[in-house]
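Text of query-v4.cif, listed as mmCIF, C-alpha atoms (C1' of nucleotides):
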```cif
data_upload
#
loop_
_atom_site.label_atom_id
_atom_site.label_comp_id
_atom_site.auth_asym_id
_atom_site.auth_seq_id
_atom_site.Cartn_x
_atom_site.Cartn_y
_atom_site.Cartn_z
CA MET U 1 0.00 0.00 0.00
CA PRO U 2 2.77 2.51 0.57
CA ASP U 3 4.95 2.83 -2.44
CA ASP U 4 3.09 2.45 -5.65
CA GLY U 5 6.19 3.21 -7.64
CA PHE U 6 7.73 0.04 -6.29
CA ASN U 7 11.11 -1.39 -6.78
CA GLN U 8 9.43 -3.00 -9.71
CA LEU U 9 11.76 -1.01 -11.89
CA GLN U 10 14.69 -2.70 -10.35
CA GLN U 11 13.16 -6.11 -10.87
CA LEU U 12 12.53 -5.32 -14.48
CA GLY U 13 16.09 -4.14 -14.89
CA GLU U 14 17.53 -7.25 -13.36
CA PHE U 15 15.36 -9.37 -15.58
CA ILE U 16 16.54 -7.59 -18.69
CA ARG U 17 20.13 -7.85 -17.63
CA SER U 18 19.87 -11.56 -16.98
CA GLN U 19 18.22 -12.08 -20.34
CA ARG U 20 20.88 -10.06 -22.09
CA LYS U 21 23.64 -12.08 -20.50
CA GLN U 22 21.85 -15.27 -21.39
CA ALA U 23 22.00 -14.13 -24.96
CA GLN U 24 25.69 -13.30 -24.58
CA LEU U 25 25.23 -9.73 -25.62
CA SER U 26 27.06 -6.64 -24.43
CA LEU U 27 25.24 -3.41 -23.78
CA ARG U 28 26.52 -2.10 -27.07
CA ASP U 29 25.37 -5.20 -28.91
CA LEU U 30 21.91 -4.82 -27.50
CA SER U 31 22.02 -1.13 -28.20
CA GLU U 32 22.64 -1.79 -31.86
CA LYS U 33 19.80 -4.27 -32.08
CA THR U 34 17.32 -2.02 -30.35
CA ASN U 35 18.35 1.45 -31.48
CA VAL U 36 18.51 2.45 -27.85
CA SER U 37 21.71 3.99 -26.55
CA ASN U 38 23.90 1.80 -24.39
CA PRO U 39 24.10 4.20 -21.44
CA TYR U 40 20.36 4.29 -21.29
CA LEU U 41 20.15 0.53 -21.41
CA SER U 42 22.60 0.46 -18.54
CA GLN U 43 20.38 2.78 -16.55
CA ILE U 44 17.30 0.74 -17.31
CA GLU U 45 19.00 -2.42 -16.15
CA ARG U 46 19.89 -0.74 -12.88
CA GLY U 47 16.33 0.40 -12.37
CA LEU U 48 17.02 4.10 -12.68
CA HIS U 49 14.44 4.80 -15.35
CA GLU U 50 11.06 3.60 -16.46
CA PRO U 51 11.39 2.70 -20.14
CA SER U 52 8.64 3.53 -22.59
CA VAL U 53 6.52 0.92 -24.31
CA ARG U 54 8.45 1.46 -27.50
CA VAL U 55 11.77 0.71 -25.82
CA LEU U 56 10.37 -2.27 -23.95
CA LYS U 57 9.08 -3.71 -27.16
CA SER U 58 12.33 -3.34 -29.05
CA ILE U 59 14.25 -4.92 -26.20
CA ALA U 60 11.85 -7.85 -26.09
CA ILE U 61 12.23 -8.43 -29.80
CA ALA U 62 16.00 -8.16 -29.69
CA LEU U 63 16.18 -10.74 -26.92
CA ASN U 64 13.70 -13.11 -28.54
CA LEU U 65 11.24 -12.69 -25.74
CA SER U 66 7.51 -12.41 -25.92
CA VAL U 67 6.54 -8.76 -25.81
CA GLU U 68 3.80 -9.72 -23.43
CA THR U 69 6.23 -11.31 -21.05
CA MET U 70 8.21 -8.14 -21.11
CA LEU U 71 5.19 -6.06 -20.31
CA VAL U 72 4.27 -8.38 -17.48
CA ARG U 73 7.70 -7.94 -16.00
CA ALA U 74 7.31 -4.20 -16.43
CA GLY U 75 4.14 -4.34 -14.40
CA LEU U 76 1.99 -3.16 -17.26
CA LEU U 77 0.25 -6.41 -17.90
CA ASN U 78 -1.01 -8.65 -15.20
CA GLU U 79 -0.39 -12.20 -16.14
CA ASP U 80 -3.95 -13.23 -15.48
CA ASP U 81 -5.50 -12.09 -18.74
CA ASP U 82 -3.54 -13.38 -21.62
CA ILE U 83 -4.27 -14.76 -24.98
CA GLY U 84 -3.52 -18.25 -26.05
CA GLY U 85 -0.44 -19.83 -24.59
CA PRO U 86 0.26 -18.61 -21.15
CA THR U 87 3.96 -18.84 -20.60
CA ASP U 88 3.32 -21.84 -18.50
CA THR U 89 6.57 -23.66 -18.26
CA GLU U 90 4.98 -26.87 -17.09
CA ALA U 91 2.67 -26.99 -20.04
CA ALA U 92 5.54 -26.32 -22.40
CA ILE U 93 7.58 -29.14 -20.95
CA GLN U 94 4.62 -31.51 -20.93
CA SER U 95 3.93 -31.02 -24.59
CA ASP U 96 7.47 -30.75 -25.89
CA PRO U 97 7.85 -33.38 -28.61
CA ARG U 98 11.62 -33.36 -28.37
CA LEU U 99 11.64 -34.85 -24.90
CA SER U 100 11.38 -38.52 -24.03
CA ASP U 101 9.06 -39.48 -21.22
CA ASP U 102 11.93 -39.98 -18.83
CA GLN U 103 13.47 -36.67 -19.72
CA ARG U 104 10.14 -34.95 -19.39
CA ALA U 105 9.59 -36.43 -15.97
CA SER U 106 12.96 -35.43 -14.58
CA LEU U 107 12.81 -31.97 -16.06
CA LEU U 108 9.43 -31.48 -14.48
CA ALA U 109 10.72 -32.76 -11.19
CA VAL U 110 13.54 -30.27 -11.23
CA TYR U 111 11.21 -27.47 -12.18
CA ARG U 112 8.78 -28.30 -9.42
CA SER U 113 11.53 -28.52 -6.86
CA TYR U 114 12.45 -24.98 -7.81
CA THR U 115 9.02 -23.49 -7.72
CA GLY U 116 7.76 -25.46 -4.76
CA MET V 1 8.95 3.38 -45.66
CA PRO V 2 8.61 6.94 -44.53
CA ASP V 3 6.56 7.10 -41.43
CA ASP V 4 7.82 4.67 -38.88
CA GLY V 5 6.28 6.46 -35.96
CA PHE V 6 2.96 5.88 -37.59
CA ASN V 7 -0.53 6.94 -36.80
CA GLN V 8 -0.51 4.22 -34.22
CA LEU V 9 -0.62 6.86 -31.58
CA GLN V 10 -3.63 8.32 -33.22
CA GLN V 11 -5.36 4.98 -33.35
CA LEU V 12 -4.67 4.44 -29.70
CA GLY V 13 -6.00 7.87 -28.88
CA GLU V 14 -9.18 7.38 -30.85
CA PHE V 15 -9.74 4.08 -29.17
CA ILE V 16 -9.33 5.57 -25.72
CA ARG V 17 -11.62 8.42 -26.57
CA SER V 18 -14.34 6.12 -27.83
CA GLN V 19 -14.07 4.01 -24.72
CA ARG V 20 -14.20 7.03 -22.49
CA LYS V 21 -17.32 8.32 -24.19
CA GLN V 22 -18.92 4.97 -23.99
CA ALA V 23 -18.35 5.08 -20.25
CA GLN V 24 -19.95 8.52 -20.21
CA LEU V 25 -16.94 10.17 -18.68
CA SER V 26 -15.57 13.64 -19.29
CA LEU V 27 -11.86 14.29 -19.53
CA ARG V 28 -11.95 15.67 -16.04
CA ASP V 29 -13.76 12.62 -14.73
CA LEU V 30 -11.18 10.35 -16.24
CA SER V 31 -8.46 12.61 -14.97
CA GLU V 32 -9.68 12.17 -11.44
CA LYS V 33 -9.84 8.41 -11.75
CA THR V 34 -6.39 8.12 -13.25
CA ASN V 35 -4.48 10.90 -11.52
CA VAL V 36 -3.48 12.13 -14.96
CA SER V 37 -4.19 15.73 -15.87
CA ASN V 38 -7.08 16.32 -18.22
CA PRO V 39 -5.13 18.34 -20.78
CA TYR V 40 -2.67 15.54 -21.10
CA LEU V 41 -5.46 13.03 -21.55
CA SER V 42 -6.76 15.25 -24.28
CA GLN V 43 -3.41 15.18 -26.01
CA ILE V 44 -3.16 11.44 -25.71
CA GLU V 45 -6.58 11.00 -27.27
CA ARG V 46 -5.52 13.15 -30.19
CA GLY V 47 -2.37 11.14 -30.71
CA LEU V 48 0.07 13.86 -29.79
CA HIS V 49 1.97 11.87 -27.23
CA GLU V 50 2.94 8.33 -26.40
CA PRO V 51 1.75 7.68 -22.86
CA SER V 52 4.02 5.91 -20.40
CA VAL V 53 3.42 2.48 -18.99
CA ARG V 54 2.13 3.97 -15.78
CA VAL V 55 -0.41 6.20 -17.52
CA LEU V 56 -1.49 3.51 -19.94
CA LYS V 57 -2.17 1.15 -17.12
CA SER V 58 -4.15 3.60 -15.04
CA ILE V 59 -6.30 4.50 -18.02
CA ALA V 60 -7.03 0.86 -18.73
CA ILE V 61 -8.03 0.24 -15.14
CA ALA V 62 -10.21 3.32 -14.99
CA LEU V 63 -12.05 2.27 -18.13
CA ASN V 64 -12.32 -1.38 -17.15
CA LEU V 65 -10.32 -2.43 -20.18
CA SER V 66 -7.70 -5.05 -20.69
CA VAL V 67 -4.39 -3.32 -21.15
CA GLU V 68 -3.60 -5.87 -23.77
CA THR V 69 -6.60 -4.96 -25.84
CA MET V 70 -5.50 -1.39 -25.71
CA LEU V 71 -2.03 -2.19 -26.93
CA VAL V 72 -3.34 -4.35 -29.73
CA ARG V 73 -5.63 -1.56 -30.81
CA ALA V 74 -2.70 0.78 -30.64
CA GLY V 75 -0.68 -1.50 -32.86
CA LEU V 76 1.95 -1.68 -30.16
CA LEU V 77 1.30 -5.35 -29.74
CA ASN V 78 0.91 -7.81 -32.57
CA GLU V 79 -1.58 -10.19 -31.13
CA ASP V 80 -0.28 -13.09 -33.14
CA ASP V 81 3.47 -12.97 -33.59
CA ASP V 82 4.82 -13.02 -30.10
CA ILE V 83 4.15 -16.30 -28.45
CA GLY V 84 4.57 -18.06 -31.71
CA GLY V 85 4.75 -21.74 -30.97
CA PRO V 86 3.01 -22.18 -27.69
CA THR V 87 5.29 -25.09 -27.03
CA ASP V 88 8.60 -23.35 -27.13
CA THR V 89 10.02 -24.73 -23.95
CA GLU V 90 13.16 -22.65 -24.02
CA ALA V 91 11.19 -19.46 -24.23
CA ALA V 92 8.94 -20.55 -21.41
CA ILE V 93 11.86 -21.34 -19.15
CA GLN V 94 13.68 -18.18 -20.02
CA SER V 95 10.84 -15.94 -19.15
CA ASP V 96 9.41 -17.79 -16.20
CA PRO V 97 9.14 -15.28 -13.37
CA ARG V 98 9.12 -18.01 -10.76
CA LEU V 99 12.69 -19.02 -11.50
CA SER V 100 15.81 -17.36 -10.19
CA ASP V 101 18.61 -16.71 -12.63
CA ASP V 102 20.61 -19.62 -11.35
CA GLN V 103 17.67 -21.95 -11.51
CA ARG V 104 16.85 -20.74 -14.98
CA ALA V 105 20.37 -21.34 -16.18
CA SER V 106 20.61 -24.86 -14.85
CA LEU V 107 17.16 -25.83 -16.06
CA LEU V 108 18.06 -24.58 -19.50
CA ALA V 109 21.32 -26.49 -19.40
CA VAL V 110 19.48 -29.68 -18.59
CA TYR V 111 16.93 -29.09 -21.30
CA ARG V 112 19.59 -28.42 -23.89
CA SER V 113 21.53 -31.49 -22.93
CA TYR V 114 18.38 -33.48 -23.61
CA THR V 115 17.55 -32.00 -26.96
CA GLY V 116 21.12 -31.81 -28.12
"C1'" DG L 1 56.32 -2.44 -19.17
"C1'" DC L 2 52.93 -0.33 -23.66
"C1'" DG L 3 49.06 -0.16 -26.45
"C1'" DC L 4 44.41 -1.73 -28.08
"C1'" DG L 5 39.84 -3.40 -27.90
"C1'" DT L 6 35.87 -4.21 -25.07
"C1'" DT L 7 33.27 -3.83 -21.01
"C1'" DG L 8 30.00 -0.93 -17.99
"C1'" DC L 9 29.28 3.56 -16.32
"C1'" DT L 10 29.17 8.97 -15.64
"C1'" DT L 11 28.41 13.51 -17.41
"C1'" DG L 12 25.84 17.06 -19.75
"C1'" DG L 13 22.61 18.17 -22.92
"C1'" DT L 14 18.22 17.53 -26.03
"C1'" DT L 15 13.71 15.78 -26.59
"C1'" DT L 16 9.43 14.34 -24.90
"C1'" DA L 17 6.16 13.19 -21.25
"C1'" DC L 18 3.36 15.47 -18.05
"C1'" DT L 19 1.26 19.49 -14.95
"C1'" DT L 20 -0.81 23.88 -13.56
"C1'" DA L 21 -3.16 27.91 -14.99
"C1'" DG L 22 -6.21 29.73 -17.99
"C1'" DC L 23 -8.95 30.57 -22.55
"C1'" DG L 24 -13.26 30.04 -25.56
"C1'" DC L 25 -17.45 27.95 -26.42
"C1'" DA L 26 -21.54 25.85 -25.21
"C1'" DT L 27 -25.81 25.05 -21.91
"C1'" DC L 28 -28.86 26.22 -18.24
"C1'" DG L 29 -31.07 29.00 -14.58
"C1'" DG L 30 -31.94 33.39 -12.66
"C1'" DC D 1 -29.05 39.47 -20.42
"C1'" DC D 2 -25.69 37.57 -17.02
"C1'" DG D 3 -23.32 34.53 -14.02
"C1'" DA D 4 -22.23 29.93 -13.10
"C1'" DT D 5 -20.88 25.47 -14.55
"C1'" DG D 6 -19.34 22.07 -17.60
"C1'" DC D 7 -16.85 20.80 -21.72
"C1'" DG D 8 -12.30 20.31 -24.64
"C1'" DC D 9 -8.23 22.65 -25.72
"C1'" DT D 10 -3.91 25.91 -25.64
"C1'" DA D 11 0.25 27.85 -23.43
"C1'" DA D 12 4.17 27.64 -20.67
"C1'" DG D 13 6.70 25.49 -17.43
"C1'" DT D 14 8.85 21.30 -14.77
"C1'" DA D 15 10.23 16.54 -14.59
"C1'" DA D 16 11.78 12.60 -16.70
"C1'" DA D 17 13.14 9.81 -20.79
"C1'" DC D 18 16.70 9.35 -23.92
"C1'" DC D 19 21.28 10.29 -26.57
"C1'" DA D 20 26.42 11.54 -27.78
"C1'" DA D 21 30.83 11.83 -25.95
"C1'" DG D 22 34.01 10.35 -23.08
"C1'" DC D 23 36.12 8.12 -18.68
"C1'" DA D 24 38.04 4.16 -15.84
"C1'" DA D 25 38.95 -0.62 -15.44
"C1'" DC D 26 39.49 -5.09 -17.17
"C1'" DG D 27 41.78 -8.23 -20.15
"C1'" DC D 28 44.91 -9.81 -24.16
"C1'" DG D 29 48.91 -9.77 -27.31
"C1'" DC D 30 53.40 -7.73 -27.89
#
```
As structure tokens, the full file:
Amino acid sequence: MPDDGFNQLQQLGEFIRSQRKQAQLSLRDLSEKTNVSNPYLSQIERGLHEPSVRVLKSIAIALNLSVETMLVRAGLLNEDDDIGGPTDTEAAIQSDPRLSDDQRASLLAVYRSYTG
Amino acid sequence: MPDDGFNQLQQLGEFIRSQRKQAQLSLRDLSEKTNVSNPYLSQIERGLHEPSVRVLKSIAIALNLSVETMLVRAGLLNEDDDIGGPTDTEAAIQSDPRLSDDQRASLLAVYRSYTG
DNA sequence: GCGCGTTGCTTGGTTTACTTAGCGCATCGG
DNA sequence: CCGATGCGCTAAGTAAACCAAGCAACGCGC
């Protein structure tokens, strides 16, 4: 109830940074892909600024993420109302044709141990 | 390919205006519900500015709209392209908010070792 | 040691989002 | 006819998003 302007920004920033590192990209690499300056990306990742929808979208595309996911992390979208495939990891694992039954089972077990 | 910054803003604005009128609200009424000044709302509805995430969200809530619908109408979200294959396990893992970075990394490693 | 390339970050400025005060036009009572 | 009240909009200012240039620190090869 107190702070509406949360530390949500910081969470978003950390998420973006982790995704960028996953993709093995430097700030300048991402900058080039998004047409957003690298200092500003740095500031976003540290939670110093609230990026616009335009910037959020270009970042999501550059990192091969669903734009919706990005908006959820930004606090714009609440993950309750979504179209089609919710980013439900369990469902994705369950229906992944590339996994054998054993693999599927152990992957699910690991996932569930993480999420409780 | 001249106009990249399109009339998307205008479409968004017109959509908001129509929704506001349907709810029988004046600019000042909406202003009070959203804590956004009425002149600025006016400008948004005429497509002069791109509202921030915060403003967009408060407008959607005040008008009982899905934020997503608004973004689709605005052309800021392509309601088809993003989630693509609903069964993209990697994407699901990568964007799962319930996982920590470490957990995400190891789960991905396991998955990749399975699928080669 | 000496560059050289790459990383993330700071600084200072421009552009754009956003607010407060106020204008002009309607409508409705007195 | 004249306030008073409601509407949307304009004008001018402040705050915040965003960019270009450059700094400091980490490697790596010489």
**OP:** Compile the contact shell of U:Glu90 as a ChimeraX atom specification: residues with an atom at most 9 Å away, counting only C-alpha atoms (C1' of nucleotides), same-chain residues fewer than 3 positions apart removed.
**Re:** /U:87,93-95,108,111-112 /V:89,92
Original post:
In Å to one decimal, how far is atom C1' of L:DC18 from atom CA of V:Lys33?
Top reply: 16.2 Å
Present chain U as a CSV table (one decimal) with C-alpha atoms, in the frame of the given file, least-squares fitted onto chain V over all of its C-alpha atoms paired in order.
```csv
chain,number,residue,atom,x,y,z
U,1,MET,CA,6.0,1.7,-47.9
U,2,PRO,CA,2.7,3.5,-48.6
U,3,ASP,CA,1.1,4.6,-45.4
U,4,ASP,CA,3.6,5.7,-42.8
U,5,GLY,CA,0.9,6.8,-40.5
U,6,PHE,CA,-0.3,3.2,-40.3
U,7,ASN,CA,-3.2,1.7,-38.5
U,8,GLN,CA,-0.7,1.5,-35.7
U,9,LEU,CA,-2.9,3.9,-33.9
U,10,GLN,CA,-5.7,1.5,-34.0
U,11,GLN,CA,-3.5,-1.3,-32.7
U,12,LEU,CA,-2.3,0.8,-29.9
U,13,GLY,CA,-5.9,1.7,-29.0
U,14,GLU,CA,-7.0,-1.9,-29.0
U,15,PHE,CA,-4.1,-2.8,-26.8
U,16,ILE,CA,-5.0,-0.1,-24.3
U,17,ARG,CA,-8.6,-1.1,-24.3
U,18,SER,CA,-7.7,-4.8,-23.7
U,19,GLN,CA,-5.4,-3.8,-20.8
U,20,ARG,CA,-8.0,-1.6,-19.3
U,21,LYS,CA,-10.6,-4.3,-19.4
U,22,GLN,CA,-8.1,-6.7,-17.9
U,23,ALA,CA,-7.8,-4.4,-15.0
U,24,GLN,CA,-11.6,-4.2,-14.8
U,25,LEU,CA,-11.6,-0.4,-15.1
U,26,SER,CA,-14.2,1.8,-16.8
U,27,LEU,CA,-13.2,4.7,-19.0
U,28,ARG,CA,-14.1,7.0,-16.1
U,29,ASP,CA,-12.0,5.0,-13.7
U,30,LEU,CA,-9.0,5.2,-15.9
U,31,SER,CA,-9.7,8.8,-16.5
U,32,GLU,CA,-9.5,9.5,-12.8
U,33,LYS,CA,-6.2,7.6,-12.5
U,34,THR,CA,-4.6,9.3,-15.4
U,35,ASN,CA,-6.0,12.8,-15.3
U,36,VAL,CA,-7.1,12.4,-18.9
U,37,SER,CA,-10.7,12.9,-19.8
U,38,ASN,CA,-12.8,9.9,-20.5
U,39,PRO,CA,-14.0,11.0,-24.0
U,40,TYR,CA,-10.4,11.4,-25.0
U,41,LEU,CA,-9.5,8.0,-23.7
U,42,SER,CA,-12.4,6.6,-25.7
U,43,GLN,CA,-11.1,8.2,-28.8
U,44,ILE,CA,-7.6,7.0,-28.2
U,45,GLU,CA,-8.8,3.4,-27.8
U,46,ARG,CA,-10.6,3.7,-31.1
U,47,GLY,CA,-7.5,4.9,-32.8
U,48,LEU,CA,-8.8,8.3,-33.6
U,49,HIS,CA,-5.9,10.3,-32.1
U,50,GLU,CA,-2.2,9.9,-31.5
U,51,PRO,CA,-1.7,10.5,-27.7
U,52,SER,CA,1.3,12.4,-26.5
U,53,VAL,CA,4.1,10.9,-24.5
U,54,ARG,CA,2.8,12.4,-21.4
U,55,VAL,CA,-0.6,10.7,-21.8
U,56,LEU,CA,0.9,7.4,-22.8
U,57,LYS,CA,3.1,7.4,-19.7
U,58,SER,CA,0.2,8.1,-17.4
U,59,ILE,CA,-1.9,5.4,-18.9
U,60,ALA,CA,1.0,2.9,-18.6
U,61,ILE,CA,1.4,3.8,-15.0
U,62,ALA,CA,-2.3,3.5,-14.2
U,63,LEU,CA,-2.5,0.1,-15.8
U,64,ASN,CA,0.7,-1.2,-14.2
U,65,LEU,CA,2.4,-1.6,-17.4
U,66,SER,CA,6.0,-0.9,-18.3
U,67,VAL,CA,6.2,2.6,-19.9
U,68,GLU,CA,8.6,1.1,-22.4
U,69,THR,CA,6.1,-1.5,-23.4
U,70,MET,CA,3.6,1.2,-23.9
U,71,LEU,CA,6.0,3.1,-26.1
U,72,VAL,CA,6.8,0.0,-28.1
U,73,ARG,CA,3.1,-0.5,-28.8
U,74,ALA,CA,2.8,3.2,-29.8
U,75,GLY,CA,5.5,2.6,-32.3
U,76,LEU,CA,7.9,5.0,-30.7
U,77,LEU,CA,10.3,2.4,-29.4
U,78,ASN,CA,11.5,-0.5,-31.4
U,79,GLU,CA,11.7,-3.5,-29.2
U,80,ASP,CA,15.2,-4.3,-30.3
U,81,ASP,CA,17.1,-1.8,-28.1
U,82,ASP,CA,16.0,-2.2,-24.6
U,83,ILE,CA,17.6,-2.1,-21.2
U,84,GLY,CA,17.8,-5.0,-18.9
U,85,GLY,CA,14.8,-7.3,-18.9
U,86,PRO,CA,13.3,-7.6,-22.3
U,87,THR,CA,9.6,-8.4,-21.8
U,88,ASP,CA,10.4,-11.9,-22.8
U,89,THR,CA,7.6,-14.0,-21.6
U,90,GLU,CA,9.5,-17.2,-22.0
U,91,ALA,CA,12.3,-16.0,-19.8
U,92,ALA,CA,9.9,-14.8,-17.2
U,93,ILE,CA,8.2,-18.1,-17.1
U,94,GLN,CA,11.5,-20.0,-17.0
U,95,SER,CA,12.8,-18.1,-14.0
U,96,ASP,CA,9.5,-17.7,-12.1
U,97,PRO,CA,10.2,-19.2,-8.6
U,98,ARG,CA,6.5,-19.7,-7.9
U,99,LEU,CA,6.1,-22.3,-10.6
U,100,SER,CA,6.9,-26.0,-10.2
U,101,ASP,CA,8.8,-27.7,-13.0
U,102,ASP,CA,5.7,-29.4,-14.3
U,103,GLN,CA,3.7,-26.2,-14.2
U,104,ARG,CA,6.5,-24.3,-15.9
U,105,ALA,CA,6.7,-26.9,-18.6
U,106,SER,CA,3.0,-26.9,-19.4
U,107,LEU,CA,2.8,-23.1,-19.3
U,108,LEU,CA,5.6,-22.9,-21.7
U,109,ALA,CA,4.0,-25.5,-23.9
U,110,VAL,CA,0.8,-23.5,-24.1
U,111,TYR,CA,2.7,-20.3,-24.7
U,112,ARG,CA,4.7,-21.8,-27.5
U,113,SER,CA,1.6,-23.3,-29.1
U,114,TYR,CA,0.2,-19.8,-29.2
U,115,THR,CA,3.2,-18.0,-30.7
U,116,GLY,CA,4.3,-20.8,-33.0
```
**OP:** Might you pull out every residue within 8 Å of stretch 23-31 of chain V, with only C-alpha atoms (C1' of nucleotides) counted and same-chain residues fewer than 5 positions away left off, and present them as number ranges by chain?
**Re:** V: 36-39, 41-42, 59, 62-63; D: 7-8
Expected file: the selected residues, C-alpha atoms (C1' of nucleotides), as a PDB file, keeping the file's coordinate frame:
```
ATOM      1  CA  VAL V  36      -3.480  12.130 -14.960  1.00  0.00           C
ATOM      2  CA  SER V  37      -4.190  15.730 -15.870  1.00  0.00           C
ATOM      3  CA  ASN V  38      -7.080  16.320 -18.220  1.00  0.00           C
ATOM      4  CA  PRO V  39      -5.130  18.340 -20.780  1.00  0.00           C
ATOM      5  CA  LEU V  41      -5.460  13.030 -21.550  1.00  0.00           C
ATOM      6  CA  SER V  42      -6.760  15.250 -24.280  1.00  0.00           C
ATOM      7  CA  ILE V  59      -6.300   4.500 -18.020  1.00  0.00           C
ATOM      8  CA  ALA V  62     -10.210   3.320 -14.990  1.00  0.00           C
ATOM      9  CA  LEU V  63     -12.050   2.270 -18.130  1.00  0.00           C
TER      10      LEU V  63
ATOM     11  C1'  DC D   7     -16.850  20.800 -21.720  1.00  0.00           C
ATOM     12  C1'  DG D   8     -12.300  20.310 -24.640  1.00  0.00           C
TER      13       DG D   8
END
```
Subject >> Chain and number of each residue from the PyMOL selection byres ((chain U and resi 11) around 9), as a list in words >> reply: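 Applying the PyMOL selection byres ((chain U and resi 11) around 9) to the structure shown produces Asn7, Gln8, Leu9, Gln10, Leu12, Gly13, Glu14, Phe15, Ile16, Glu45, Arg46, Gly47, Arg73 and Ala74 of chain U.
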**OP:** List, as a count of residues only, every residue that the PyMOL selection byres ((chain D) within 10 of (chain U)) selects in the file provided.
**Re:** 5
Original post:
Which residues of chain U are close to chain V, meaning at most 10 Å apart when you count all atoms listed in the file, and how do they look as an NGL selection string?
Top reply: :U and (5 or 14-15 or 18-19 or 22 or 50-54 or 56-57 or 60-61 or 64-78 or 81-100 or 103-104 or 106-108 or 110-111 or 114-116)
**OP:** For atom C1' of L:DG5 and atom CA of U:Leu48, quote the distance in Å rounded to one decimal.
**Re:**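 Pair atom C1' of L:DG5 / atom CA of U:Leu48 returns 28.4 Å.
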**OP:** Considering all atoms listed in the file, extract the chain L residues located within 9 Å of chain V and return them as a list in words.
**Re:** DT16, DA17, DC18 and DT19 of chain L
**OP:** Would you mind telling me which residue in D:DC23, D:DC28, D:DA11, D:DA4 lies nearest to L:DT10 when using all atoms listed in the file?
**Re:** D:DC23
Original post:
From the set L:DT15, L:DC9, L:DG1, L:DT20, which residue has the shortest atom-to-atom contact distance to D:DG13, counting all atoms listed in the file?
Top reply: L:DT20
Test item: the PyMOL selection byres ((chain L and resi 26) around 9) resolved as a short mmCIF file (atom, residue, chain, number, x, y, z; two decimals) with C-alpha atoms (C1' of nucleotides), in the frame of the given file:
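Printed below is part.cif as written:
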```
data_model
loop_
_atom_site.label_atom_id
_atom_site.label_comp_id
_atom_site.auth_asym_id
_atom_site.auth_seq_id
_atom_site.Cartn_x
_atom_site.Cartn_y
_atom_site.Cartn_z
"C1'" DC L 25 -17.45 27.95 -26.42
"C1'" DT L 27 -25.81 25.05 -21.91
"C1'" DG D 6 -19.34 22.07 -17.60
"C1'" DC D 7 -16.85 20.80 -21.72
#
```
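The smallest atom-to-atom distance between L:DG24 and any of D:DA25, D:DC9, D:DC30, D:DA15, using all atoms listed in the file, is found for D:DC9.
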Original post:
Do you have the atom C1' of D:DG3-atom C1' of L:DC28 distance handy?
Top reply: 10.8 Å
Box along x, y and z, 5 Å on every side, all listed atoms of stretch 2-10 of chain D inside: centre and edge lengths in Å to one decimal, as lines of an AutoDock Vina configuration file.
```
center_x = -14.8
center_y = 28.9
center_z = -19.4
size_x = 31.8
size_y = 27.3
size_z = 22.6
```
